[in-house]
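Raw query_19.txt, compact mmCIF, C-alpha atoms and all ligand atoms:
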```txt
# COMPACT_ATOMS: atom_id res chain seq x y z
CA MET A 15 19.82 -42.60 19.33
CA LYS A 16 21.28 -40.38 16.61
CA VAL A 17 24.61 -38.66 17.14
CA ASN A 18 24.18 -35.07 18.36
CA TYR A 19 26.27 -31.89 18.63
CA ASP A 20 27.53 -32.85 22.10
CA ASP A 21 28.93 -36.10 20.71
CA VAL A 22 30.80 -34.19 17.98
CA GLN A 23 32.17 -31.64 20.47
CA GLU A 24 33.23 -34.47 22.76
CA TYR A 25 35.01 -36.20 19.86
CA TYR A 26 36.94 -33.15 18.65
CA GLY A 27 37.34 -31.48 22.02
CA LYS A 28 38.16 -34.38 24.33
CA ARG A 29 38.67 -37.66 22.54
CA LEU A 30 41.17 -36.40 19.94
CA SER A 31 44.24 -34.54 21.11
CA THR A 32 46.14 -34.59 17.83
CA ASN A 33 45.64 -36.10 14.39
CA GLU A 34 47.62 -39.15 15.62
CA ASP A 35 44.50 -40.12 17.61
CA LEU A 36 42.30 -40.60 14.55
CA GLN A 37 41.02 -44.17 14.18
CA THR A 38 40.94 -44.21 10.39
CA ASN A 39 42.64 -42.35 7.56
CA ALA A 40 39.38 -40.71 6.42
CA CYS A 41 40.62 -37.32 7.57
CA CYS A 42 44.04 -37.75 6.00
CA PRO A 43 44.49 -38.83 2.38
CA ASN A 44 48.16 -39.07 1.76
CA VAL A 45 48.84 -36.62 -1.07
CA ALA A 46 51.32 -33.75 -0.84
CA PRO A 47 50.10 -30.16 -1.30
CA PRO A 48 51.76 -27.93 -3.92
CA LYS A 49 55.04 -26.18 -3.07
CA TYR A 50 53.64 -22.73 -2.34
CA ILE A 51 51.27 -24.27 0.24
CA ARG A 52 54.13 -26.34 1.71
CA ASP A 53 56.12 -23.12 2.01
CA THR A 54 53.20 -21.38 3.74
CA LEU A 55 52.76 -24.36 6.06
CA LYS A 56 56.28 -23.78 7.36
CA LEU A 57 54.99 -20.53 8.87
CA ILE A 58 52.11 -22.20 10.71
CA HIS A 59 52.54 -23.09 14.39
CA GLU A 60 53.04 -26.79 15.20
CA ASP A 61 50.21 -26.82 17.78
CA VAL A 62 47.80 -25.71 15.06
CA LYS A 63 49.08 -28.32 12.59
CA ASN A 64 48.93 -31.11 15.18
CA LYS A 65 45.19 -30.58 15.50
CA TYR A 66 44.54 -30.50 11.77
CA TYR A 67 41.85 -33.02 10.78
CA GLY A 68 41.17 -32.07 7.18
CA CYS A 69 40.67 -34.39 4.19
CA GLY A 70 41.73 -32.26 1.23
CA LEU A 71 43.19 -29.00 0.05
CA THR A 72 40.60 -26.28 0.40
CA ILE A 73 42.76 -23.38 -0.69
CA PRO A 74 41.80 -22.25 -4.20
CA TYR A 75 43.85 -19.89 -6.38
CA GLU A 76 43.52 -16.14 -6.75
CA LEU A 77 42.94 -15.20 -3.12
CA GLU A 78 44.60 -11.81 -2.74
CA GLY A 79 42.30 -9.27 -1.09
CA ARG A 80 39.40 -11.74 -0.76
CA HIS A 81 37.08 -12.23 2.20
CA ILE A 82 36.93 -15.85 3.22
CA LEU A 83 34.79 -17.87 5.60
CA ASP A 84 35.92 -21.30 6.86
CA LEU A 85 33.15 -23.61 8.10
CA GLY A 86 34.36 -25.84 10.93
CA SER A 87 37.77 -24.17 11.11
CA GLY A 88 39.06 -26.39 13.93
CA SER A 89 42.47 -25.31 15.20
CA GLY A 90 42.71 -22.87 12.28
CA ARG A 91 45.30 -24.43 9.98
CA ASP A 92 43.48 -23.60 6.73
CA CYS A 93 42.48 -20.17 8.07
CA PHE A 94 46.08 -19.24 8.76
CA ILE A 95 47.22 -20.48 5.34
CA ALA A 96 44.45 -18.41 3.76
CA ALA A 97 45.31 -15.44 6.00
CA LYS A 98 48.77 -15.41 4.42
CA LEU A 99 47.48 -15.80 0.88
CA VAL A 100 44.74 -13.14 1.02
CA GLY A 101 47.26 -10.57 2.27
CA GLU A 102 46.61 -7.72 4.68
CA GLU A 103 43.72 -6.36 2.62
CA GLY A 104 41.83 -9.64 2.73
CA SER A 105 40.21 -11.31 5.71
CA ILE A 106 39.37 -14.73 7.04
CA THR A 107 36.68 -15.76 9.50
CA GLY A 108 36.67 -19.25 10.95
CA VAL A 109 33.58 -20.75 12.59
CA ASP A 110 33.68 -23.73 14.93
CA MET A 111 31.58 -24.93 17.85
CA THR A 112 34.22 -26.81 19.85
CA ASP A 113 35.97 -24.73 22.53
CA GLU A 114 39.14 -26.83 22.64
CA GLN A 115 39.66 -26.35 18.88
CA LEU A 116 38.74 -22.66 18.96
CA ASN A 117 41.06 -21.99 21.88
CA VAL A 118 44.07 -23.23 19.90
CA ALA A 119 43.06 -21.14 16.89
CA GLN A 120 42.53 -17.97 19.00
CA LYS A 121 45.77 -18.49 20.90
CA TYR A 122 47.88 -18.28 17.74
CA ILE A 123 46.28 -15.29 15.96
CA ASP A 124 49.00 -12.88 17.14
CA TYR A 125 51.75 -15.41 16.42
CA HIS A 126 50.68 -15.63 12.76
CA THR A 127 50.14 -11.88 12.43
CA GLU A 128 53.80 -11.54 13.35
CA GLN A 129 54.91 -14.43 11.15
CA PHE A 130 53.26 -12.76 8.15
CA ASN A 131 54.60 -9.30 9.04
CA TYR A 132 51.10 -7.80 9.16
CA ARG A 133 50.39 -4.61 11.12
CA THR A 134 47.04 -5.98 12.29
CA SER A 135 45.46 -9.39 12.15
CA ASN A 136 43.16 -10.24 9.25
CA THR A 137 41.85 -13.35 11.02
CA ARG A 138 39.02 -13.91 13.46
CA PHE A 139 37.35 -17.00 14.89
CA LEU A 140 33.70 -17.18 15.86
CA LYS A 141 32.15 -19.74 18.13
CA GLY A 142 29.06 -20.98 16.35
CA ASN A 143 27.16 -23.77 14.74
CA ILE A 144 27.50 -24.10 10.98
CA ASP A 145 23.96 -25.46 10.88
CA ASN A 146 22.84 -21.99 12.05
CA LEU A 147 25.02 -19.71 9.97
CA ASP A 148 22.08 -17.31 9.65
CA SER A 149 22.29 -16.54 13.37
CA LEU A 150 26.00 -15.58 13.37
CA ASP A 151 27.63 -12.17 12.98
CA LEU A 152 27.93 -12.58 9.20
CA LYS A 153 26.38 -10.31 6.56
CA LYS A 154 24.50 -11.72 3.61
CA GLU A 155 26.38 -11.45 0.29
CA SER A 156 29.59 -10.37 2.03
CA ILE A 157 31.84 -13.38 1.42
CA ASP A 158 33.98 -14.03 -1.66
CA ILE A 159 34.89 -17.63 -0.91
CA ILE A 160 33.61 -20.18 1.61
CA ILE A 161 36.03 -22.97 2.39
CA SER A 162 35.55 -26.03 4.57
CA ASN A 163 37.70 -29.08 5.20
CA CYS A 164 36.17 -32.37 6.25
CA VAL A 165 33.30 -30.83 8.22
CA ILE A 166 30.08 -30.82 6.22
CA ASN A 167 29.71 -34.57 6.75
CA LEU A 168 29.38 -33.72 10.46
CA SER A 169 26.51 -31.28 9.87
CA MET A 170 23.11 -32.40 11.15
CA ASN A 171 21.25 -30.19 8.65
CA LYS A 172 23.12 -30.19 5.37
CA PRO A 173 20.35 -28.65 3.18
CA LYS A 174 20.13 -25.62 5.50
CA LEU A 175 23.91 -25.28 5.66
CA PHE A 176 24.14 -25.02 1.86
CA LYS A 177 21.21 -22.57 1.67
CA ASP A 178 22.80 -20.33 4.33
CA ALA A 179 26.18 -20.55 2.62
CA PHE A 180 24.61 -19.54 -0.68
CA SER A 181 23.06 -16.44 0.86
CA LEU A 182 26.36 -15.39 2.52
CA LEU A 183 28.26 -15.46 -0.78
CA LYS A 184 28.55 -12.48 -3.09
CA ASN A 185 27.38 -13.10 -6.62
CA GLY A 186 30.37 -14.56 -8.48
CA GLY A 187 31.67 -16.04 -5.22
CA GLU A 188 32.22 -19.70 -4.62
CA MET A 189 32.17 -22.43 -2.08
CA TYR A 190 35.39 -24.46 -2.39
CA PHE A 191 35.54 -27.35 0.03
CA SER A 192 36.72 -30.89 0.66
CA ASP A 193 34.60 -33.52 2.27
CA VAL A 194 33.95 -37.24 2.50
CA TYR A 195 31.29 -38.84 0.28
CA ALA A 196 29.89 -42.34 0.03
CA ASP A 197 28.88 -44.38 -2.98
CA ARG A 198 25.46 -45.02 -1.36
CA ARG A 199 23.25 -43.73 1.47
CA ILE A 200 24.65 -44.66 4.89
CA PRO A 201 22.24 -46.86 6.90
CA GLU A 202 20.68 -45.18 9.97
CA SER A 203 22.20 -47.78 12.30
CA LEU A 204 25.70 -46.60 11.33
CA GLN A 205 24.72 -42.95 11.72
CA LYS A 206 24.15 -43.68 15.41
CA ASP A 207 27.77 -44.69 15.95
CA PRO A 208 29.66 -41.70 17.44
CA VAL A 209 33.07 -43.02 16.36
CA LEU A 210 32.03 -43.62 12.76
CA TRP A 211 30.37 -40.18 12.76
CA GLY A 212 33.32 -38.48 14.47
CA GLU A 213 35.73 -40.07 12.00
CA CYS A 214 33.81 -38.31 9.20
CA LEU A 215 32.40 -41.53 7.75
CA SER A 216 28.80 -42.18 8.77
CA GLY A 217 27.64 -38.58 8.28
CA ALA A 218 29.03 -38.61 4.74
CA LEU A 219 26.53 -37.86 2.04
CA TYR A 220 25.82 -40.23 -0.81
CA TRP A 221 27.39 -38.18 -3.64
CA ASN A 222 24.19 -37.91 -5.69
CA ASP A 223 22.20 -36.70 -2.67
CA PHE A 224 24.88 -34.06 -2.21
CA LEU A 225 24.52 -32.90 -5.83
CA ASN A 226 20.76 -32.53 -5.42
CA ILE A 227 21.09 -30.67 -2.09
CA ALA A 228 23.64 -28.27 -3.60
CA LYS A 229 21.47 -27.61 -6.64
CA LEU A 230 18.37 -26.99 -4.50
CA ALA A 231 20.36 -24.44 -2.47
CA GLY A 232 21.12 -22.52 -5.69
CA PHE A 233 24.51 -24.00 -6.66
CA THR A 234 23.27 -25.15 -10.03
CA ASP A 235 26.42 -26.67 -11.49
CA PRO A 236 28.73 -28.30 -8.88
CA ARG A 237 32.21 -29.05 -10.21
CA VAL A 238 34.63 -31.69 -8.94
CA VAL A 239 38.15 -30.32 -8.55
CA THR A 240 39.90 -33.42 -7.17
CA SER A 241 38.78 -36.78 -5.85
CA SER A 242 40.49 -39.76 -4.34
CA PRO A 243 39.42 -42.96 -2.57
CA ILE A 244 39.48 -43.27 1.21
CA THR A 245 40.53 -46.53 2.77
CA VAL A 246 39.32 -46.94 6.35
CA GLU A 247 42.26 -49.07 7.51
CA ASN A 248 40.68 -50.08 10.79
CA GLU A 249 39.43 -53.65 10.77
CA GLU A 250 36.70 -53.21 13.37
CA LEU A 251 35.26 -50.09 11.74
CA GLN A 252 35.63 -51.55 8.25
CA GLU A 253 33.60 -54.56 9.32
CA LYS A 254 30.76 -52.32 10.48
CA LEU A 255 30.85 -50.38 7.20
CA GLY A 256 30.74 -53.47 4.96
CA ASP A 257 31.42 -52.65 1.33
CA ILE A 258 30.41 -48.97 1.38
CA GLN A 259 33.03 -47.07 -0.61
CA PHE A 260 34.17 -43.63 0.54
CA PHE A 261 36.02 -40.92 -1.29
CA SER A 262 37.36 -37.50 -0.50
CA VAL A 263 36.22 -34.88 -3.01
CA THR A 264 37.00 -31.21 -3.39
CA TYR A 265 34.07 -29.45 -5.02
CA ARG A 266 33.70 -25.89 -6.21
CA LEU A 267 30.20 -24.42 -6.26
CA PHE A 268 29.82 -21.02 -7.88
CA LYS A 269 27.05 -18.61 -6.99
CA LEU A 270 26.18 -17.16 -10.38
CA ASP A 271 22.96 -15.87 -11.88
CA GLY A 272 21.82 -17.74 -14.93
CA LEU A 273 23.76 -21.00 -14.57
CA GLU A 274 21.85 -23.68 -16.42
CA SER A 275 21.03 -27.18 -15.20
CA ASP A 276 22.97 -28.65 -18.12
CA CYS A 277 25.99 -27.58 -20.09
CA GLU A 278 24.73 -25.82 -23.20
CA ASP A 279 26.67 -24.87 -26.31
CA TYR A 280 26.66 -21.20 -27.42
CA GLY A 281 29.83 -21.51 -29.51
CA GLN A 282 31.93 -19.76 -26.85
CA SER A 283 35.64 -20.06 -26.09
CA ALA A 284 38.13 -18.79 -23.54
CA ARG A 285 41.90 -18.34 -23.70
CA TYR A 286 44.03 -18.35 -20.53
CA LYS A 287 46.64 -15.61 -20.23
CA GLY A 288 48.89 -17.54 -17.84
CA THR A 289 48.56 -14.85 -15.18
CA ILE A 290 47.04 -16.64 -12.17
CA LYS A 291 49.72 -16.84 -9.48
CA HIS A 292 51.39 -20.28 -9.26
CA ASN A 293 49.71 -21.26 -12.58
CA PRO A 294 51.96 -19.94 -15.35
CA ALA A 295 51.49 -22.90 -17.72
CA PHE A 296 47.86 -23.85 -17.25
CA PHE A 297 44.84 -23.37 -15.02
CA ASP A 298 42.54 -26.21 -13.95
CA LEU A 299 39.04 -24.97 -13.28
CA ASP A 300 37.98 -28.49 -12.33
CA ASP A 301 38.90 -32.09 -13.06
CA HIS A 302 37.81 -31.87 -16.68
CA HIS A 303 38.65 -28.27 -17.65
CA ARG A 304 42.33 -27.56 -18.11
CA PHE A 305 43.22 -24.25 -19.80
CA PRO A 306 46.79 -24.29 -21.13
CA LYS A 307 48.24 -20.78 -21.48
CA GLY A 308 47.43 -19.24 -24.86
CA LYS A 309 45.26 -22.09 -26.11
CA MET A 310 41.72 -21.36 -27.21
CA ILE A 311 39.38 -23.80 -25.43
CA THR A 312 35.75 -24.28 -26.44
CA VAL A 313 33.49 -24.08 -23.39
CA CYS A 314 29.85 -24.49 -22.45
CA GLY A 315 27.80 -21.51 -21.28
CA ASN A 316 28.21 -22.41 -17.58
CA THR A 317 32.00 -22.69 -17.78
CA TYR A 318 32.11 -19.39 -19.69
CA LYS A 319 30.23 -17.74 -16.81
CA MET A 320 32.45 -19.39 -14.16
CA LEU A 321 35.41 -17.67 -15.80
CA GLN A 322 33.89 -14.42 -17.03
CA GLU A 323 31.73 -13.46 -14.03
CA THR A 324 34.16 -14.37 -11.23
CA ARG A 325 37.57 -13.33 -9.89
CA PHE A 326 39.14 -15.28 -12.77
CA ALA A 327 37.82 -12.92 -15.47
CA GLU A 328 40.95 -10.75 -15.80
CA HIS A 329 43.05 -13.82 -16.52
CA PHE A 330 41.16 -14.87 -19.65
CA GLU A 331 40.23 -13.56 -23.07
CA PHE A 332 36.68 -14.40 -24.03
CA PHE A 333 35.26 -15.14 -27.45
CA GLY A 334 31.59 -15.43 -28.37
CA ASP A 335 28.25 -14.31 -27.00
CA TRP A 336 24.87 -15.72 -26.09
CA ASP A 337 23.11 -15.00 -29.39
CA THR A 338 23.03 -18.50 -30.87
CA HIS A 339 22.40 -21.77 -29.06
CA TYR A 340 23.91 -24.83 -30.77
CA GLY A 341 22.39 -27.52 -28.50
CA ILE A 342 23.79 -29.53 -25.62
CA PHE A 343 27.52 -29.23 -24.85
CA GLU A 344 28.87 -32.73 -24.62
CA GLY A 345 31.59 -33.68 -22.20
CA CYS A 346 30.60 -31.89 -18.99
CA GLY A 347 29.51 -34.38 -16.41
CA GLY A 348 27.61 -34.77 -13.15
CA ASN A 349 28.64 -38.36 -12.67
CA ILE A 350 30.11 -40.27 -9.73
CA PRO A 351 33.02 -38.08 -8.56
CA TYR A 352 35.60 -40.81 -8.12
CA LYS A 353 36.10 -42.80 -11.32
CA GLY A 354 39.41 -44.47 -10.60
CA GLU A 355 42.78 -42.87 -11.26
CA GLN A 356 42.36 -39.21 -12.14
CA ASN A 357 43.60 -35.75 -11.30
CA SER A 358 44.23 -35.76 -7.57
CA GLU A 359 46.94 -33.08 -7.65
CA GLY A 360 46.56 -30.71 -4.76
CA ALA A 361 44.73 -32.97 -2.33
CA ALA A 362 46.48 -32.58 0.93
CA CYS A 363 47.05 -33.68 4.44
CA CYS A 364 48.87 -32.66 7.56
C1 LIG B 1 37.26 -33.07 10.99
S1 LIG B 1 37.44 -31.61 11.94
C2 LIG B 1 38.09 -30.51 10.71
C3 LIG B 1 38.64 -29.24 11.30
C4 LIG B 1 39.37 -28.34 10.32
N1 LIG B 1 38.56 -27.98 9.20
C5 LIG B 1 40.66 -28.97 9.88
O1 LIG B 1 40.81 -29.19 8.67
O2 LIG B 1 41.50 -29.26 10.73
C6 LIG B 1 35.79 -31.08 12.16
C7 LIG B 1 35.61 -29.76 12.88
O3 LIG B 1 34.28 -29.32 12.64
C8 LIG B 1 33.73 -28.82 13.83
N2 LIG B 1 32.26 -28.99 13.72
C9 LIG B 1 31.58 -30.11 13.49
N3 LIG B 1 30.27 -29.88 13.41
C10 LIG B 1 30.12 -28.54 13.59
C11 LIG B 1 28.99 -27.68 13.63
N4 LIG B 1 27.75 -28.14 13.46
N5 LIG B 1 29.20 -26.35 13.83
C12 LIG B 1 30.47 -25.87 14.00
N6 LIG B 1 31.56 -26.65 14.00
C13 LIG B 1 31.40 -27.96 13.79
C14 LIG B 1 34.37 -29.65 14.91
O4 LIG B 1 34.32 -28.96 16.14
C15 LIG B 1 35.77 -29.84 14.37
O5 LIG B 1 36.63 -28.81 14.81
```
In structure tokens, write the structure found in this file.
Amino acid sequence: MKVNYDDVQEYYGKRLSTNEDLQTNACCPNVAPPKYIRDTLKLIHEDVKNKYYGCGLTIPYELEGRHILDLGSGSGRDCFIAAKLVGEEGSITGVDMTDEQLNVAQKYIDYHTEQFNYRTSNTRFLKGNIDNLDSLDLKKESIDIIISNCVINLSMNKPKLFKDAFSLLKNGGEMYFSDVYADRRIPESLQKDPVLWGECLSGALYWNDFLNIAKLAGFTDPRVVTSSPITVENEELQEKLGDIQFFSVTYRLFKLDGLESDCEDYGQSARYKGTIKHNPAFFDLDDHHRFPKGKMITVCGNTYKMLQETRFAEHFEFFGDWDTHYGIFEGCGGNIPYKGEQNSEGAACC
């Protein structure tokens, strides 16, 4: 029998008490978050942090005043970090289906409101199923950024989740999330194992299936931000998994009209002003687009849009238009996300 929602609730509500109880390190790649996140983490309550089961850093830059939705918010660690970074004018909504996780998150709303010196809370948690986002108290095209940390692998209906997420985002908004991926499709027999599923392994998507699901939902040009390998480090579970390789990847998916299926060359360039908070020297849009301050960088049409039609626009100068097409833009890739040693800065754990 396939794993069901009750099994997942049982795993996160009863079987795990803290992240020490995890059987593998899938939910915890060992890379330190940047300093400003470490500083924010100092303000987060220990009970919330003890029940953190994420697999990456799902906090993008340029959050002030934004409205954020966290899918599978658990005990609320990422929500509270985001609540600090969006400021009092912004808001964060976390959705989770497991009472024990939600109860911890709810319990510490007032604590964090005080920690951040806010007059009123900017954070709320909804009980709900992320496979049915269309039935929750959420308005279409109302969200600036959807985040999610190590949860989508647990979804039982991933194509619907991405379609619903797309319709909740404003145009120019993005989904910025970390999850576990596999280098091949996971056999059905392993998908029936509640421990492998609960540990975020056997529900993981084969990376190329994920790309196709995201594109079908409307996210035409998924971009890898960081990726790193996951080692299971549990002999019994590793034996069941054989030689399937897993990696943790943070993707960003922009909702933008007119993104093309391939990177096309219109002779456009962008120059970073160095003004995004915590990024004075350079800004990394993804793992293959670094914009050093003041340097003119040639970009494809899709990258141009990701900068010019989003919250990043004010931080760049733009050169060029759409009048002339010069052919394919070489160098942008939709290949296997983890290609060995590469930019894993920012991936985070506990
Ligand atoms: C691996 S934990 C991650 C929690 C949190 N994002 C964090 O980083 O600590 C997975 C969480 O997703 C929730 N979850 C799994 N499937 C869900 C679903 N279909 N709807 C809502 N929540 C779900 C679980 O209850 C659990 O809290």
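Residue nearest ligand LIG 1 (chain B), chosen from A:Asn33, A:Asn39, A:Asn163, A:Thr240 and counting all atoms listed in the file: A:Asn163.
Ranking A:Asn293, A:Met310, A:His339, A:Thr234 by their shortest atom-to-atom distance to A:Glu278, with all atoms listed in the file included, puts A:His339 first.
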Quiz item: ligand LIG 1 (chain B): which residues are within 6 Å, counting all atoms listed in the file, as a ChimeraX atom specification?
Solution: /A:23,26,66-68,86-88,110-112,115,142-145,162-165,168-169
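Counting from atom CA of A:Leu210, the distance to atom CA of A:Lys254 is 9.1 Å.
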Practice problem: Could you please determine the separation between atom CA of A:His303 and atom CA of A:Phe180 in Å, to one decimal place? | Solution: 23.7 Å
Practice problem: Pull the neighbourhood of (42.0, -16.2, 13.2) for me: all residues within 7 Å in file coordinates, counting all atoms listed in the file, as a PyMOL selection string. | Solution: chain A and resi 90+93-94+106-108+119-120+123+137-139
Practice problem: Pick out the closest residue to A:Asn226 from this set: A:Lys319, A:Glu331, A:Pro173, A:Ala96. Count only C-alpha atoms. | Solution: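 So, comparing all the options, the nearest one is A:Pro173.
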Practice problem: Name the residues, using the chain letters and numbers of the file, that sit within 9 Å of (51.7, -20.8, 3.8) when counting all atoms listed in the file, and give them as JSON, numbers by chain. | Solution: {"A": [50, 51, 52, 53, 54, 55, 56, 57, 58, 94, 95, 96, 97, 98, 99]}
Give one line per residue of stretch 121-239 of chain A that approaches stretch 262-275 of chain A to at most 8 Å, naming the two atoms of the closest pair and their distance in Å to one decimal, counting only C-alpha atoms; sort by chain then ascending residue number and deliver it as JSON lines.
```
{"residue": "A:Phe180", "atom": "CA", "partner": "A:Lys269", "partner_atom": "CA", "distance": 6.8}
{"residue": "A:Leu183", "atom": "CA", "partner": "A:Lys269", "partner_atom": "CA", "distance": 7.1}
{"residue": "A:Lys184", "atom": "CA", "partner": "A:Lys269", "partner_atom": "CA", "distance": 7.4}
{"residue": "A:Asn185", "atom": "CA", "partner": "A:Lys269", "partner_atom": "CA", "distance": 5.5}
{"residue": "A:Gly186", "atom": "CA", "partner": "A:Leu270", "partner_atom": "CA", "distance": 5.3}
{"residue": "A:Gly187", "atom": "CA", "partner": "A:Lys269", "partner_atom": "CA", "distance": 5.6}
{"residue": "A:Glu188", "atom": "CA", "partner": "A:Phe268", "partner_atom": "CA", "distance": 4.3}
{"residue": "A:Met189", "atom": "CA", "partner": "A:Leu267", "partner_atom": "CA", "distance": 5.0}
{"residue": "A:Tyr190", "atom": "CA", "partner": "A:Arg266", "partner_atom": "CA", "distance": 4.4}
{"residue": "A:Phe191", "atom": "CA", "partner": "A:Thr264", "partner_atom": "CA", "distance": 5.4}
{"residue": "A:Ser192", "atom": "CA", "partner": "A:Thr264", "partner_atom": "CA", "distance": 4.1}
{"residue": "A:Asp193", "atom": "CA", "partner": "A:Ser262", "partner_atom": "CA", "distance": 5.6}
{"residue": "A:Val194", "atom": "CA", "partner": "A:Ser262", "partner_atom": "CA", "distance": 4.5}
{"residue": "A:Tyr195", "atom": "CA", "partner": "A:Ser262", "partner_atom": "CA", "distance": 6.3}
{"residue": "A:Gly232", "atom": "CA", "partner": "A:Lys269", "partner_atom": "CA", "distance": 7.2}
{"residue": "A:Phe233", "atom": "CA", "partner": "A:Leu267", "partner_atom": "CA", "distance": 5.7}
{"residue": "A:Thr234", "atom": "CA", "partner": "A:Ser275", "partner_atom": "CA", "distance": 6.0}
{"residue": "A:Asp235", "atom": "CA", "partner": "A:Ser275", "partner_atom": "CA", "distance": 6.6}
{"residue": "A:Pro236", "atom": "CA", "partner": "A:Leu267", "partner_atom": "CA", "distance": 4.9}
{"residue": "A:Arg237", "atom": "CA", "partner": "A:Arg266", "partner_atom": "CA", "distance": 5.3}
{"residue": "A:Val238", "atom": "CA", "partner": "A:Tyr265", "partner_atom": "CA", "distance": 4.5}
{"residue": "A:Val239", "atom": "CA", "partner": "A:Thr264", "partner_atom": "CA", "distance": 5.4}
```
